[in-house]
>>> print(open('target37.tsv').read())   # TSV, N, CA and C atoms
chain	number	residue	atom	x	y	z
H	18	MET	N	48.99	-131.39	-125.90
H	18	MET	CA	50.08	-132.32	-125.72
H	18	MET	C	50.04	-132.86	-124.29
H	19	GLN	N	50.32	-134.15	-124.12
H	19	GLN	CA	50.28	-134.78	-122.81
H	19	GLN	C	51.55	-134.46	-122.02
H	20	ARG	N	51.35	-134.36	-120.72
H	20	ARG	CA	52.50	-134.21	-119.85
H	20	ARG	C	53.14	-135.58	-119.64
H	21	ALA	N	54.36	-135.57	-119.16
H	21	ALA	CA	55.10	-136.82	-118.98
H	21	ALA	C	54.39	-137.75	-118.01
H	22	ASP	N	53.86	-137.21	-116.90
H	22	ASP	CA	53.20	-138.09	-115.95
H	22	ASP	C	51.89	-138.67	-116.48
H	23	GLU	N	51.25	-137.96	-117.41
H	23	GLU	CA	50.04	-138.51	-118.03
H	23	GLU	C	50.39	-139.65	-118.96
H	24	ARG	N	51.49	-139.53	-119.68
H	24	ARG	CA	51.91	-140.61	-120.58
H	24	ARG	C	52.30	-141.85	-119.80
H	25	LEU	N	52.86	-141.65	-118.61
H	25	LEU	CA	53.28	-142.78	-117.80
H	25	LEU	C	52.16	-143.35	-116.95
H	26	GLY	N	51.00	-142.80	-117.03
H	26	GLY	CA	49.86	-143.32	-116.29
H	26	GLY	C	49.75	-142.77	-114.89
H	27	GLY	N	50.36	-141.63	-114.64
H	27	GLY	CA	50.33	-141.07	-113.30
H	27	GLY	C	48.96	-140.58	-112.89
H	28	ASP	N	48.08	-140.26	-113.83
H	28	ASP	CA	46.76	-139.75	-113.49
H	28	ASP	C	45.67	-140.81	-113.57
H	29	ARG	N	46.03	-142.04	-113.85
H	29	ARG	CA	45.02	-143.09	-113.93
H	29	ARG	C	44.50	-143.40	-112.54
H	30	PRO	N	43.20	-143.59	-112.40
H	30	PRO	CA	42.66	-143.93	-111.08
H	30	PRO	C	43.16	-145.32	-110.65
H	31	GLY	N	43.47	-145.45	-109.37
H	31	GLY	CA	43.91	-146.73	-108.84
H	31	GLY	C	45.39	-146.99	-109.00
H	32	ARG	N	46.07	-146.18	-109.75
H	32	ARG	CA	47.51	-146.38	-109.92
H	32	ARG	C	48.24	-145.21	-109.27
H	33	GLN	N	49.04	-145.55	-108.29
H	33	GLN	CA	49.81	-144.52	-107.61
H	33	GLN	C	51.28	-144.75	-107.89
H	34	GLY	N	52.05	-143.69	-107.77
H	34	GLY	CA	53.48	-143.81	-108.00
H	34	GLY	C	54.17	-144.54	-106.87
H	35	GLY	N	55.45	-144.81	-107.03
H	35	GLY	CA	56.20	-145.56	-106.04
H	35	GLY	C	56.47	-144.79	-104.76
H	36	ASP	N	56.63	-143.48	-104.84
H	36	ASP	CA	56.86	-142.67	-103.65
H	36	ASP	C	55.59	-141.95	-103.29
H	37	ARG	N	55.11	-142.23	-102.10
H	37	ARG	CA	53.91	-141.57	-101.61
H	37	ARG	C	54.25	-140.92	-100.28
H	38	PRO	N	54.58	-139.62	-100.29
H	38	PRO	CA	54.96	-138.95	-99.05
H	38	PRO	C	53.87	-139.08	-97.99
H	39	GLY	N	54.28	-139.39	-96.77
H	39	GLY	CA	53.35	-139.51	-95.67
H	39	GLY	C	52.72	-140.89	-95.55
H	40	HIS	N	52.92	-141.74	-96.52
H	40	HIS	CA	52.34	-143.09	-96.50
H	40	HIS	C	53.31	-144.05	-95.83
H	41	GLN	N	52.83	-144.76	-94.82
H	41	GLN	CA	53.69	-145.73	-94.14
H	41	GLN	C	53.88	-146.95	-95.02
H	42	ASP	N	55.10	-147.38	-95.15
H	42	ASP	CA	55.45	-148.48	-96.03
H	42	ASP	C	56.38	-149.41	-95.28
H	43	ARG	N	56.29	-150.69	-95.53
H	43	ARG	CA	57.14	-151.65	-94.85
H	43	ARG	C	58.43	-151.93	-95.62
H	44	GLU	N	58.56	-151.43	-96.81
H	44	GLU	CA	59.70	-151.78	-97.65
H	44	GLU	C	61.01	-151.17	-97.15
H	45	VAL	N	60.99	-149.91	-96.75
H	45	VAL	CA	62.23	-149.26	-96.32
H	45	VAL	C	62.76	-149.87	-95.03
H	46	PRO	N	61.94	-150.06	-93.99
H	46	PRO	CA	62.48	-150.73	-92.80
H	46	PRO	C	62.94	-152.16	-93.08
H	47	ALA	N	62.25	-152.86	-93.97
H	47	ALA	CA	62.66	-154.22	-94.33
H	47	ALA	C	64.02	-154.20	-95.03
H	48	ALA	N	64.23	-153.22	-95.90
H	48	ALA	CA	65.51	-153.11	-96.61
H	48	ALA	C	66.64	-152.78	-95.64
H	49	ILE	N	66.37	-151.92	-94.67
H	49	ILE	CA	67.38	-151.56	-93.68
H	49	ILE	C	67.74	-152.77	-92.82
H	50	ARG	N	66.72	-153.49	-92.36
H	50	ARG	CA	66.98	-154.70	-91.57
H	50	ARG	C	67.78	-155.73	-92.38
H	51	PHE	N	67.40	-155.92	-93.63
H	51	PHE	CA	68.09	-156.88	-94.48
H	51	PHE	C	69.56	-156.49	-94.66
H	52	ALA	N	69.82	-155.21	-94.91
H	52	ALA	CA	71.20	-154.76	-95.12
H	52	ALA	C	72.03	-154.93	-93.85
H	53	ILE	N	71.45	-154.65	-92.70
H	53	ILE	CA	72.18	-154.78	-91.44
H	53	ILE	C	72.50	-156.24	-91.15
H	54	VAL	N	71.52	-157.12	-91.34
H	54	VAL	CA	71.74	-158.55	-91.07
H	54	VAL	C	72.75	-159.13	-92.06
H	55	ALA	N	72.63	-158.78	-93.34
H	55	ALA	CA	73.56	-159.30	-94.34
H	55	ALA	C	74.98	-158.79	-94.10
H	56	ALA	N	75.10	-157.52	-93.75
H	56	ALA	CA	76.42	-156.96	-93.47
H	56	ALA	C	77.03	-157.61	-92.23
H	57	ALA	N	76.22	-157.83	-91.21
H	57	ALA	CA	76.72	-158.48	-90.00
H	57	ALA	C	77.15	-159.92	-90.29
H	58	ALA	N	76.40	-160.61	-91.14
H	58	ALA	CA	76.78	-161.99	-91.49
H	58	ALA	C	78.10	-162.02	-92.25
H	59	GLY	N	78.24	-161.14	-93.23
H	59	GLY	CA	79.47	-161.11	-94.02
H	59	GLY	C	80.68	-160.68	-93.22
H	60	VAL	N	80.54	-159.62	-92.46
H	60	VAL	CA	81.66	-159.14	-91.64
H	60	VAL	C	81.98	-160.14	-90.53
H	61	GLY	N	80.94	-160.74	-89.95
H	61	GLY	CA	81.16	-161.75	-88.92
H	61	GLY	C	81.94	-162.94	-89.46
H	62	PHE	N	81.58	-163.39	-90.67
H	62	PHE	CA	82.31	-164.48	-91.31
H	62	PHE	C	83.77	-164.10	-91.51
H	63	LEU	N	84.00	-162.88	-91.98
H	63	LEU	CA	85.37	-162.43	-92.24
H	63	LEU	C	86.18	-162.34	-90.95
H	64	VAL	N	85.57	-161.86	-89.89
H	64	VAL	CA	86.28	-161.75	-88.60
H	64	VAL	C	86.61	-163.13	-88.05
H	65	ILE	N	85.64	-164.05	-88.11
H	65	ILE	CA	85.90	-165.40	-87.62
H	65	ILE	C	86.97	-166.08	-88.48
H	66	ALA	N	86.93	-165.85	-89.78
H	66	ALA	CA	87.96	-166.42	-90.67
H	66	ALA	C	89.33	-165.86	-90.32
H	67	ALA	N	89.42	-164.56	-90.06
H	67	ALA	CA	90.71	-163.97	-89.71
H	67	ALA	C	91.23	-164.52	-88.38
H	68	LEU	N	90.34	-164.70	-87.41
H	68	LEU	CA	90.76	-165.27	-86.13
H	68	LEU	C	91.19	-166.72	-86.30
H	69	TRP	N	90.49	-167.45	-87.13
H	69	TRP	CA	90.82	-168.86	-87.35
H	69	TRP	C	92.18	-168.99	-88.06
H	70	VAL	N	92.40	-168.17	-89.07
H	70	VAL	CA	93.65	-168.24	-89.82
H	70	VAL	C	94.82	-167.73	-88.97
H	71	SER	N	94.55	-166.88	-87.99
H	71	SER	CA	95.64	-166.36	-87.16
H	71	SER	C	96.26	-167.46	-86.31
H	72	THR	N	95.60	-168.60	-86.17
H	72	THR	CA	96.18	-169.71	-85.41
H	72	THR	C	97.15	-170.54	-86.24
H	73	CYS	N	97.24	-170.26	-87.53
H	73	CYS	CA	98.17	-171.01	-88.39
H	73	CYS	C	99.61	-170.59	-88.06
H	74	PRO	N	100.48	-171.56	-87.77
H	74	PRO	CA	101.85	-171.21	-87.40
H	74	PRO	C	102.71	-170.76	-88.56
H	75	GLY	N	102.45	-171.23	-89.74
H	75	GLY	CA	103.26	-170.85	-90.89
H	75	GLY	C	102.58	-171.27	-92.18
H	76	VAL	N	103.27	-171.03	-93.28
H	76	VAL	CA	102.71	-171.34	-94.58
H	76	VAL	C	102.79	-172.83	-94.88
H	77	SER	N	103.79	-173.50	-94.36
H	77	SER	CA	104.03	-174.90	-94.73
H	77	SER	C	103.13	-175.89	-94.00
H	78	VAL	N	102.53	-175.49	-92.89
H	78	VAL	CA	101.69	-176.40	-92.12
H	78	VAL	C	100.30	-176.44	-92.72
H	79	ASP	N	99.76	-177.63	-92.95
H	79	ASP	CA	98.44	-177.78	-93.56
H	79	ASP	C	97.48	-178.36	-92.53
H	80	THR	N	96.90	-177.49	-91.71
H	80	THR	CA	95.92	-177.93	-90.74
H	80	THR	C	94.53	-177.60	-91.28
H	81	ALA	N	93.55	-177.56	-90.39
H	81	ALA	CA	92.15	-177.40	-90.83
H	81	ALA	C	91.91	-176.10	-91.61
H	82	ALA	N	92.61	-175.04	-91.33
H	82	ALA	CA	92.37	-173.78	-92.01
H	82	ALA	C	93.60	-173.21	-92.68
H	83	CYS	N	94.68	-173.96	-92.70
H	83	CYS	CA	95.93	-173.38	-93.17
H	83	CYS	C	96.32	-173.78	-94.59
H	84	GLY	N	95.58	-174.66	-95.22
H	84	GLY	CA	95.90	-175.04	-96.59
H	84	GLY	C	95.45	-173.98	-97.57
H	85	ALA	N	95.96	-174.06	-98.77
H	85	ALA	CA	95.62	-173.06	-99.80
H	85	ALA	C	94.13	-173.01	-100.11
H	86	PRO	N	93.44	-174.14	-100.32
H	86	PRO	CA	92.02	-174.04	-100.62
H	86	PRO	C	91.21	-173.49	-99.45
H	87	GLN	N	91.58	-173.91	-98.24
H	87	GLN	CA	90.84	-173.44	-97.06
H	87	GLN	C	91.00	-171.94	-96.85
H	88	ARG	N	92.20	-171.46	-97.00
H	88	ARG	CA	92.44	-170.02	-96.82
H	88	ARG	C	91.73	-169.21	-97.89
H	89	THR	N	91.68	-169.73	-99.10
H	89	THR	CA	90.99	-169.02	-100.17
H	89	THR	C	89.49	-168.95	-99.89
H	90	VAL	N	88.91	-170.06	-99.48
H	90	VAL	CA	87.47	-170.07	-99.15
H	90	VAL	C	87.19	-169.14	-97.98
H	91	LEU	N	88.04	-169.18	-96.96
H	91	LEU	CA	87.83	-168.30	-95.80
H	91	LEU	C	87.98	-166.83	-96.18
H	92	ALA	N	88.89	-166.53	-97.10
H	92	ALA	CA	89.11	-165.13	-97.48
H	92	ALA	C	87.95	-164.58	-98.30
H	93	PHE	N	87.41	-165.39	-99.20
H	93	PHE	CA	86.36	-164.89	-100.09
H	93	PHE	C	84.95	-165.23	-99.62
H	94	GLY	N	84.81	-165.97	-98.53
H	94	GLY	CA	83.48	-166.33	-98.04
H	94	GLY	C	82.65	-165.14	-97.61
H	95	GLY	N	83.21	-164.26	-96.81
H	95	GLY	CA	82.49	-163.07	-96.35
H	95	GLY	C	82.07	-162.16	-97.49
H	96	PRO	N	83.01	-161.79	-98.39
H	96	PRO	CA	82.61	-160.97	-99.53
H	96	PRO	C	81.56	-161.64	-100.43
H	97	LEU	N	81.61	-162.96	-100.55
H	97	LEU	CA	80.59	-163.64	-101.37
H	97	LEU	C	79.22	-163.59	-100.70
H	98	ILE	N	79.17	-163.68	-99.38
H	98	ILE	CA	77.90	-163.54	-98.66
H	98	ILE	C	77.31	-162.16	-98.92
H	99	VAL	N	78.15	-161.13	-98.82
H	99	VAL	CA	77.67	-159.76	-99.02
H	99	VAL	C	77.30	-159.52	-100.49
H	100	LEU	N	78.05	-160.11	-101.42
H	100	LEU	CA	77.70	-159.99	-102.85
H	100	LEU	C	76.34	-160.61	-103.12
H	101	ALA	N	76.10	-161.81	-102.62
H	101	ALA	CA	74.81	-162.46	-102.83
H	101	ALA	C	73.68	-161.63	-102.24
H	102	ALA	N	73.90	-161.06	-101.07
H	102	ALA	CA	72.88	-160.23	-100.44
H	102	ALA	C	72.64	-158.95	-101.25
H	103	GLY	N	73.70	-158.36	-101.78
H	103	GLY	CA	73.54	-157.16	-102.60
H	103	GLY	C	72.78	-157.45	-103.88
H	104	LEU	N	73.06	-158.56	-104.51
H	104	LEU	CA	72.32	-158.94	-105.73
H	104	LEU	C	70.86	-159.21	-105.40
H	105	TRP	N	70.60	-159.84	-104.26
H	105	TRP	CA	69.22	-160.08	-103.84
H	105	TRP	C	68.50	-158.74	-103.60
H	106	ALA	N	69.19	-157.78	-103.01
H	106	ALA	CA	68.58	-156.47	-102.76
H	106	ALA	C	68.23	-155.79	-104.08
H	107	PHE	N	69.09	-155.91	-105.09
H	107	PHE	CA	68.75	-155.32	-106.40
H	107	PHE	C	67.60	-156.05	-107.06
H	108	LEU	N	67.52	-157.36	-106.90
H	108	LEU	CA	66.38	-158.10	-107.42
H	108	LEU	C	65.10	-157.67	-106.72
H	109	ARG	N	65.19	-157.49	-105.42
H	109	ARG	CA	64.03	-157.02	-104.65
H	109	ARG	C	63.65	-155.59	-105.06
H	110	THR	N	64.65	-154.77	-105.39
H	110	THR	CA	64.37	-153.42	-105.89
H	110	THR	C	63.49	-153.49	-107.12
H	111	TYR	N	63.84	-154.35	-108.05
H	111	TYR	CA	63.07	-154.48	-109.29
H	111	TYR	C	61.65	-154.98	-109.00
H	112	ARG	N	61.54	-155.96	-108.14
H	112	ARG	CA	60.21	-156.50	-107.82
H	112	ARG	C	59.31	-155.46	-107.16
H	113	VAL	N	59.86	-154.71	-106.22
H	113	VAL	CA	59.07	-153.68	-105.54
H	113	VAL	C	58.72	-152.56	-106.52
H	114	TRP	N	59.63	-152.21	-107.39
H	114	TRP	CA	59.36	-151.17	-108.40
H	114	TRP	C	58.23	-151.59	-109.33
H	115	ARG	N	58.23	-152.87	-109.73
H	115	ARG	CA	57.17	-153.38	-110.60
H	115	ARG	C	55.81	-153.36	-109.92
H	116	GLN	N	55.80	-153.49	-108.60
H	116	GLN	CA	54.55	-153.46	-107.84
H	116	GLN	C	54.17	-152.05	-107.41
H	117	GLN	N	54.87	-151.05	-107.93
H	117	GLN	CA	54.63	-149.64	-107.61
H	117	GLN	C	54.85	-149.34	-106.13
H	118	GLY	N	55.79	-150.04	-105.51
H	118	GLY	CA	56.10	-149.80	-104.10
H	118	GLY	C	57.24	-148.83	-103.95
H	119	THR	N	57.64	-148.62	-102.72
H	119	THR	CA	58.77	-147.75	-102.43
H	119	THR	C	60.04	-148.55	-102.58
H	120	TRP	N	60.68	-148.40	-103.72
H	120	TRP	CA	61.80	-149.24	-104.13
H	120	TRP	C	63.15	-148.72	-103.69
H	121	TRP	N	63.27	-147.45	-103.38
H	121	TRP	CA	64.58	-146.85	-103.18
H	121	TRP	C	65.30	-147.37	-101.94
H	122	GLY	N	64.58	-147.89	-100.96
H	122	GLY	CA	65.25	-148.47	-99.79
H	122	GLY	C	66.06	-149.71	-100.17
H	123	TRP	N	65.46	-150.55	-101.03
H	123	TRP	CA	66.17	-151.75	-101.48
H	123	TRP	C	67.34	-151.38	-102.39
H	124	HIS	N	67.17	-150.34	-103.18
H	124	HIS	CA	68.24	-149.89	-104.06
H	124	HIS	C	69.44	-149.41	-103.24
H	125	GLY	N	69.15	-148.64	-102.22
H	125	GLY	CA	70.22	-148.18	-101.33
H	125	GLY	C	70.89	-149.32	-100.59
H	126	ALA	N	70.10	-150.30	-100.17
H	126	ALA	CA	70.67	-151.47	-99.49
H	126	ALA	C	71.60	-152.23	-100.43
H	127	GLY	N	71.21	-152.36	-101.69
H	127	GLY	CA	72.05	-153.05	-102.66
H	127	GLY	C	73.38	-152.35	-102.86
H	128	TRP	N	73.34	-151.03	-103.01
H	128	TRP	CA	74.60	-150.29	-103.21
H	128	TRP	C	75.45	-150.31	-101.95
H	129	PHE	N	74.83	-150.23	-100.79
H	129	PHE	CA	75.59	-150.31	-99.54
H	129	PHE	C	76.31	-151.66	-99.45
H	130	LEU	N	75.60	-152.73	-99.77
H	130	LEU	CA	76.20	-154.06	-99.66
H	130	LEU	C	77.31	-154.27	-100.69
H	131	LEU	N	77.13	-153.78	-101.91
H	131	LEU	CA	78.19	-153.92	-102.90
H	131	LEU	C	79.42	-153.10	-102.53
H	132	THR	N	79.21	-151.93	-101.97
H	132	THR	CA	80.34	-151.11	-101.51
H	132	THR	C	81.05	-151.80	-100.36
H	133	LEU	N	80.29	-152.38	-99.45
H	133	LEU	CA	80.89	-153.12	-98.35
H	133	LEU	C	81.68	-154.32	-98.86
H	134	MET	N	81.20	-154.97	-99.91
H	134	MET	CA	81.93	-156.09	-100.49
H	134	MET	C	83.29	-155.65	-101.02
H	135	VAL	N	83.33	-154.52	-101.70
H	135	VAL	CA	84.61	-154.02	-102.23
H	135	VAL	C	85.57	-153.70	-101.09
H	136	VAL	N	85.06	-153.09	-100.03
H	136	VAL	CA	85.90	-152.77	-98.86
H	136	VAL	C	86.40	-154.06	-98.21
H	137	MET	N	85.53	-155.06	-98.10
H	137	MET	CA	85.94	-156.32	-97.48
H	137	MET	C	87.01	-157.02	-98.32
H	138	ILE	N	86.88	-156.96	-99.63
H	138	ILE	CA	87.89	-157.59	-100.49
H	138	ILE	C	89.21	-156.86	-100.37
H	139	SER	N	89.16	-155.54	-100.38
H	139	SER	CA	90.41	-154.78	-100.36
H	139	SER	C	91.12	-154.85	-99.01
H	140	LEU	N	90.37	-154.98	-97.92
H	140	LEU	CA	91.00	-154.99	-96.61
H	140	LEU	C	91.14	-156.38	-96.00
H	141	GLY	N	90.28	-157.31	-96.37
H	141	GLY	CA	90.26	-158.59	-95.67
H	141	GLY	C	90.90	-159.75	-96.37
H	142	VAL	N	90.93	-159.74	-97.68
H	142	VAL	CA	91.41	-160.91	-98.41
H	142	VAL	C	92.92	-161.07	-98.25
H	143	SER	N	93.65	-160.02	-98.34
H	143	SER	CA	95.11	-160.10	-98.28
H	143	SER	C	95.62	-160.68	-96.97
H	144	PRO	N	95.15	-160.22	-95.81
H	144	PRO	CA	95.66	-160.81	-94.56
H	144	PRO	C	95.28	-162.28	-94.38
H	145	ILE	N	94.13	-162.69	-94.90
H	145	ILE	CA	93.68	-164.07	-94.69
H	145	ILE	C	94.33	-165.02	-95.68
H	146	ALA	N	94.31	-164.65	-96.96
H	146	ALA	CA	94.83	-165.56	-97.99
H	146	ALA	C	96.16	-165.09	-98.54
H	147	GLY	N	96.82	-164.18	-97.87
H	147	GLY	CA	98.06	-163.59	-98.37
H	147	GLY	C	99.08	-164.55	-98.91
H	148	PRO	N	99.55	-165.52	-98.13
H	148	PRO	CA	100.58	-166.43	-98.65
H	148	PRO	C	100.07	-167.30	-99.80
H	149	VAL	N	98.79	-167.54	-99.83
H	149	VAL	CA	98.21	-168.39	-100.87
H	149	VAL	C	98.18	-167.65	-102.20
H	150	LEU	N	97.87	-166.36	-102.16
H	150	LEU	CA	97.74	-165.58	-103.38
H	150	LEU	C	99.07	-165.08	-103.92
H	151	ALA	N	100.10	-165.10	-103.09
H	151	ALA	CA	101.43	-164.62	-103.53
H	151	ALA	C	102.06	-165.66	-104.45
H	152	PRO	N	102.74	-165.21	-105.50
H	152	PRO	CA	103.36	-166.18	-106.42
H	152	PRO	C	104.55	-166.89	-105.83
>>> encode(input="target37.tsv", output="structure tokens")
Amino acid sequence: MQRADERLGGDRPGRQGGDRPGHQDREVPAAIRFAIVAAAAGVGFLVIAALWVSTCPGVSVDTAACGAPQRTVLAFGGPLIVLAAGLWAFLRTYRVWRQQGTWWGWHGAGWFLLTLMVVMISLGVSPIAGPVLAP
């Protein structure tokens, strides 16, 4: 009877598994860099949006950032940046996995970015778009 790794082609010459201990790979550092840059872009957008909206004197004034559509876009812009980056990281995970590369760095980056998106929505949307979302 064949072992599981033989059925999956683990013993075929020229085909190596995705994790090769001791082998230097560019995928994990690339995934870490991507996650850091994407997180900085999303959080930076959210911070700038919060600072911009803090200049609004009240709910009734409709200036460049104080209207309902503008506040909604500013509130959800940062989380959408991080969501797009997280989805891209998962797509990259699949591509690297198909090429028998070290995929787990991209997988971790995707989960980190999606978790950051949830935190950004729960903490950032209410202060920025609060009056707009209230009935």
>>> atom_distance(input="target37.tsv", atom1="atom CA of Gly141 of chain H", atom2="atom CA of Thr72 of chain H")
16.2 Å
>>> atom_distance(input="target37.tsv", atom1="atom CA of Phe62 of chain H", atom2="atom CA of Val99 of chain H")
10.2 Å
>>> closest_atom_pairs(input="target37.tsv", of="segment 46-77 of chain H", to="segment 87-95 of chain H", cutoff="8 Å", atoms="only N, CA and C atoms", output="JSON lines")
{"residue": "H:Ala58", "atom": "C", "partner": "H:Gly95", "partner_atom": "CA", "distance": 6.1}
{"residue": "H:Gly59", "atom": "CA", "partner": "H:Gly95", "partner_atom": "CA", "distance": 4.3}
{"residue": "H:Val60", "atom": "N", "partner": "H:Gly95", "partner_atom": "CA", "distance": 5.6}
{"residue": "H:Gly61", "atom": "C", "partner": "H:Gly95", "partner_atom": "CA", "distance": 6.9}
{"residue": "H:Phe62", "atom": "C", "partner": "H:Gly95", "partner_atom": "CA", "distance": 5.1}
{"residue": "H:Leu63", "atom": "N", "partner": "H:Gly95", "partner_atom": "CA", "distance": 4.6}
{"residue": "H:Val64", "atom": "N", "partner": "H:Gly95", "partner_atom": "CA", "distance": 7.3}
{"residue": "H:Ile65", "atom": "C", "partner": "H:Leu91", "partner_atom": "CA", "distance": 7.7}
{"residue": "H:Ala66", "atom": "CA", "partner": "H:Leu91", "partner_atom": "CA", "distance": 5.5}
{"residue": "H:Ala67", "atom": "N", "partner": "H:Leu91", "partner_atom": "C", "distance": 6.7}
{"residue": "H:Val70", "atom": "CA", "partner": "H:Arg88", "partner_atom": "CA", "distance": 7.3}
>>> atom_distance(input="target37.tsv", atom1="atom N of Ala55 of chain H", atom2="atom C of Ala146 of chain H")
24.9 Å
>>> closest_residue(input="target37.tsv", among="H:Ala85, H:Leu104, H:Ile98, H:Val135", to="Ala56 of chain H", atoms="all atoms listed in the file")
H:Ile98
>>> residues_around(input="target37.tsv", residues="Trp128 of chain H", least_positions_apart="5", cutoff="6.5 Å", atoms="all atoms listed in the file", output="JSON, numbers by chain")
{"H": [103, 123, 133]}
